[in-house]
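query16.pdb (PDB, C-alpha atoms)
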ATOM      1  CA  MET A   1      -3.348 -42.073  44.208
ATOM      2  CA  VAL A   2      -0.558 -39.494  44.286
ATOM      3  CA  TYR A   3       0.614 -40.729  40.888
ATOM      4  CA  LEU A   4      -2.852 -40.232  39.431
ATOM      5  CA  ARG A   5      -2.988 -36.624  40.650
ATOM      6  CA  MET A   6       0.493 -35.930  39.301
ATOM      7  CA  ALA A   7      -0.443 -37.499  35.973
ATOM      8  CA  ALA A   8      -3.597 -35.371  35.808
ATOM      9  CA  VAL A   9      -1.567 -32.203  36.484
ATOM     10  CA  VAL A  10       0.980 -33.114  33.782
ATOM     11  CA  VAL A  11      -1.764 -33.863  31.226
ATOM     12  CA  ALA A  12      -3.515 -30.567  32.046
ATOM     13  CA  ALA A  13      -0.236 -28.655  31.655
ATOM     14  CA  PHE A  14       0.465 -30.201  28.247
ATOM     15  CA  ALA A  15      -3.094 -29.521  27.095
ATOM     16  CA  ALA A  16      -2.845 -25.866  28.135
ATOM     17  CA  ALA A  17       0.504 -25.494  26.353
ATOM     18  CA  GLY A  18      -0.976 -26.992  23.178
ATOM     19  CA  LEU A  19      -3.895 -24.570  23.234
ATOM     20  CA  ALA A  20      -1.624 -21.581  23.769
ATOM     21  CA  SER A  21       0.617 -22.398  20.795
ATOM     22  CA  ALA A  22      -2.308 -22.929  18.413
ATOM     23  CA  ALA A  23      -4.218 -19.823  19.511
ATOM     24  CA  ASP A  24      -4.000 -17.645  16.401
ATOM     25  CA  PRO A  25      -3.180 -19.017  12.958
ATOM     26  CA  VAL A  26      -0.679 -17.042  10.908
ATOM     27  CA  ALA A  27      -2.303 -14.942   8.203
ATOM     28  CA  PHE A  28      -0.987 -15.328   4.678
ATOM     29  CA  ALA A  29      -1.429 -13.302   1.518
ATOM     30  CA  THR A  30      -0.698 -13.541  -2.193
ATOM     31  CA  ALA A  31       0.637 -11.068  -4.719
ATOM     32  CA  HIS A  32       1.857 -11.003  -8.307
ATOM     33  CA  GLY A  33       3.924  -8.477 -10.173
ATOM     34  CA  VAL A  34       7.643  -8.102 -10.889
ATOM     35  CA  VAL A  35      10.875  -8.462  -8.945
ATOM     36  CA  GLU A  36      12.116  -5.032  -7.927
ATOM     37  CA  LYS A  37      15.216  -5.853  -5.854
ATOM     38  CA  VAL A  38      16.987  -8.913  -4.420
ATOM     39  CA  GLU A  39      19.188  -8.660  -1.334
ATOM     40  CA  LYS A  40      20.861 -11.231   0.909
ATOM     41  CA  ASP A  41      17.884 -11.773   3.239
ATOM     42  CA  SER A  42      15.043 -10.010   1.434
ATOM     43  CA  LEU A  43      13.117  -9.833  -1.808
ATOM     44  CA  THR A  44      11.298  -6.665  -2.864
ATOM     45  CA  ILE A  45       8.462  -7.063  -5.340
ATOM     46  CA  LEU A  46       6.376  -4.477  -7.134
ATOM     47  CA  PRO A  47       2.868  -5.979  -7.039
ATOM     48  CA  ARG A  48       0.073  -5.257  -9.468
ATOM     49  CA  GLY A  49      -3.218  -4.090  -8.015
ATOM     50  CA  ALA A  50      -6.715  -5.137  -9.077
ATOM     51  CA  GLY A  51      -6.725  -2.618 -11.951
ATOM     52  CA  GLY A  52      -3.393  -3.873 -13.292
ATOM     53  CA  LYS A  53      -1.429  -0.843 -12.096
ATOM     54  CA  PHE A  54       1.606  -1.273  -9.896
ATOM     55  CA  ALA A  55       0.986  -0.829  -6.163
ATOM     56  CA  LYS A  56       3.320  -0.066  -3.240
ATOM     57  CA  SER A  57       6.421  -2.295  -3.030
ATOM     58  CA  ILE A  58       6.398  -5.262  -0.653
ATOM     59  CA  VAL A  59       9.632  -6.272   1.097
ATOM     60  CA  LEU A  60       9.597  -9.975   1.985
ATOM     61  CA  GLN A  61      12.031 -11.589   4.402
ATOM     62  CA  VAL A  62      13.739 -14.635   2.879
ATOM     63  CA  THR A  63      14.284 -17.540   5.283
ATOM     64  CA  GLY A  64      15.768 -21.004   5.050
ATOM     65  CA  THR A  65      12.326 -22.411   4.284
ATOM     66  CA  SER A  66      11.416 -19.906   1.537
ATOM     67  CA  LYS A  67      10.958 -21.722  -1.793
ATOM     68  CA  VAL A  68      11.258 -20.305  -5.314
ATOM     69  CA  ALA A  69      10.609 -22.131  -8.588
ATOM     70  CA  THR A  70      11.023 -21.086 -12.210
ATOM     71  CA  LEU A  71       8.208 -21.988 -14.589
ATOM     72  CA  GLN A  72       9.661 -23.779 -17.597
ATOM     73  CA  PRO A  73       7.380 -24.961 -20.397
ATOM     74  CA  GLN A  74       8.617 -28.092 -22.181
ATOM     75  CA  THR A  75       7.374 -29.897 -25.252
ATOM     76  CA  ARG A  76       6.683 -33.595 -24.661
ATOM     77  CA  ALA A  77       5.084 -35.800 -27.270
ATOM     78  CA  GLY A  78       4.080 -32.705 -29.233
ATOM     79  CA  LYS A  79       2.306 -31.070 -26.264
ATOM     80  CA  THR A  80       3.472 -28.190 -24.074
ATOM     81  CA  VAL A  81       3.758 -29.170 -20.419
ATOM     82  CA  MET A  82       4.456 -26.750 -17.560
ATOM     83  CA  THR A  83       7.346 -27.781 -15.304
ATOM     84  CA  GLN A  84       9.026 -26.073 -12.367
ATOM     85  CA  ARG A  85      12.715 -25.913 -11.512
ATOM     86  CA  ASP A  86      13.957 -24.996  -8.021
ATOM     87  CA  THR A  87      15.626 -21.589  -8.082
ATOM     88  CA  ASP A  88      17.754 -19.628  -5.590
ATOM     89  CA  VAL A  89      16.373 -16.230  -4.633
ATOM     90  CA  LYS A  90      19.763 -14.680  -5.466
ATOM     91  CA  ASP A  91      19.269 -15.746  -9.117
ATOM     92  CA  LEU A  92      16.139 -13.620  -9.577
ATOM     93  CA  GLN A  93      16.440 -10.573 -11.805
ATOM     94  CA  PRO A  94      14.745  -7.153 -11.690
ATOM     95  CA  GLN A  95      11.595  -6.939 -13.831
ATOM     96  CA  GLN A  96      11.167 -10.738 -13.789
ATOM     97  CA  ALA A  97       7.470 -11.697 -13.464
ATOM     98  CA  ILE A  98       6.679 -13.270 -10.078
ATOM     99  CA  ALA A  99       3.768 -14.627  -8.020
ATOM    100  CA  VAL A 100       4.225 -15.049  -4.250
ATOM    101  CA  ILE A 101       2.549 -16.469  -1.170
ATOM    102  CA  TYR A 102       3.799 -14.893   2.040
ATOM    103  CA  ALA A 103       3.116 -14.856   5.780
ATOM    104  CA  ASP A 104       1.592 -11.444   6.432
ATOM    105  CA  GLY A 105       2.712  -9.934   9.713
ATOM    106  CA  ALA A 106       4.926  -7.198  11.152
ATOM    107  CA  THR A 107       7.697  -8.557   8.919
ATOM    108  CA  PRO A 108       6.212 -10.319   5.856
ATOM    109  CA  VAL A 109       7.998 -13.629   5.188
ATOM    110  CA  LEU A 110       8.285 -15.234   1.753
ATOM    111  CA  LEU A 111       6.782 -18.727   1.838
ATOM    112  CA  THR A 112       6.828 -19.655  -1.851
ATOM    113  CA  ALA A 113       7.179 -17.971  -5.220
ATOM    114  CA  VAL A 114       6.981 -18.883  -8.892
ATOM    115  CA  VAL A 115       8.798 -16.813 -11.512
ATOM    116  CA  GLN A 116       8.852 -16.840 -15.280
ATOM    117  CA  ALA A 117      12.173 -17.717 -16.856
ATOM    118  CA  PRO A 118      14.172 -14.548 -17.551
ATOM    119  CA  ALA A 119      14.282 -13.328 -21.141
ATOM    120  CA  GLU A 120      17.138 -14.738 -23.168
ATOM    121  CA  LYS A 121      20.069 -12.388 -23.731
ATOM    122  CA  GLY A 122      22.529 -12.649 -26.590
ATOM    123  CA  GLY A 123      21.197 -16.014 -27.722
ATOM    124  CA  LYS A 124      21.932 -17.778 -24.414
ATOM    125  CA  THR A 125      19.357 -20.245 -23.185
ATOM    126  CA  GLY A 126      20.001 -19.733 -19.455
ATOM    127  CA  LYS A 127      20.426 -23.457 -18.841
TER     128      LYS A 127
END

Conversion result in structure tokens:
Amino acid sequence: MVYLRMAAVVVAAFAAAGLASAADPVAFATAHGVVEKVEKDSLTILPRGAGGKFAKSIVLQVTGTSKVATLQPQTRAGKTVMTQRDTDVKDLQPQQAIAVIYADGATPVLLTAVVQAPAEKGGKTGK
């Protein structure tokens, strides 16, 4: 009987803890524009507003789980196919086109981003 009461208390405690941790989901947002600045732990983008004009800069915290990919079109069997290549945030360049999904809070956190390949310079392919 004592074991049943103890088990009921333990189950109730775990249930309450589970409800507390899942109380409010994290809000997320999206933006697209250009890379403004890249630092060690942050990425600043200059987003475009609904009218196409640039809006206020957004500084996103970069974490170990932030993911960035470069869009790379390839021709396969005569057709253009869109592929993505994993990219380090430190390799991004100012004015590079970018689309992001980020956790919107007191400190916005970069979740994932896709960038266009930077423009070729001096005939280099960037590969």

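Here atom CA of A:Val89 is placed at a distance of 29.3 Å from atom CA of A:Asp24.
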
Write out as a PDB file with C-alpha atoms, keeping the file's coordinate frame each polymer residue whose atoms come within 9 Å of A:Lys56, counting all atoms listed in the file; drop sequence neighbours fewer than 3 positions from it.
ATOM      1  CA  ILE A  45       8.462  -7.063  -5.340  1.00  0.00           C
ATOM      2  CA  LEU A  46       6.376  -4.477  -7.134  1.00  0.00           C
ATOM      3  CA  PRO A  47       2.868  -5.979  -7.039  1.00  0.00           C
ATOM      4  CA  ARG A  48       0.073  -5.257  -9.468  1.00  0.00           C
TER       5      ARG A  48
END

TODO: Quick one: residues within 8 Å of (12.6, -10.4, -1.9) (file frame), counting only C-alpha atoms, please, as a list in words.
DONE: Val35, Lys37, Val38, Glu39, Asp41, Ser42, Leu43, Thr44, Ile45, Val59, Leu60, Gln61, Val62, Val89 and Leu110 of chain A

Task: Computed interatomic separation between atom CA of A:Ile58 and atom CA of A:Thr30 (Å) - done: 11.0 Å

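Separating atom CA of A:Ser66 from atom CA of A:Val109 is a distance of 8.0 Å.
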
Open item on the list: Report as number ranges by chain all protein, DNA and RNA residues lying within 9 Å of A:Tyr102, evaluated on only C-alpha atoms, omitting residues in the same chain fewer than 2 positions from it.
Closed with: A: 27-31, 60, 100, 104, 108-113

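Residues with any atom within 6 Å of stretch 68-81 of chain A, counting only C-alpha atoms and excluding same-chain neighbours fewer than 3 positions away, are A:Gln84, A:Arg85, A:Asp86, A:Thr87, A:Thr112, A:Ala113, A:Val114, A:Val115, A:Gln116, A:Ala117.
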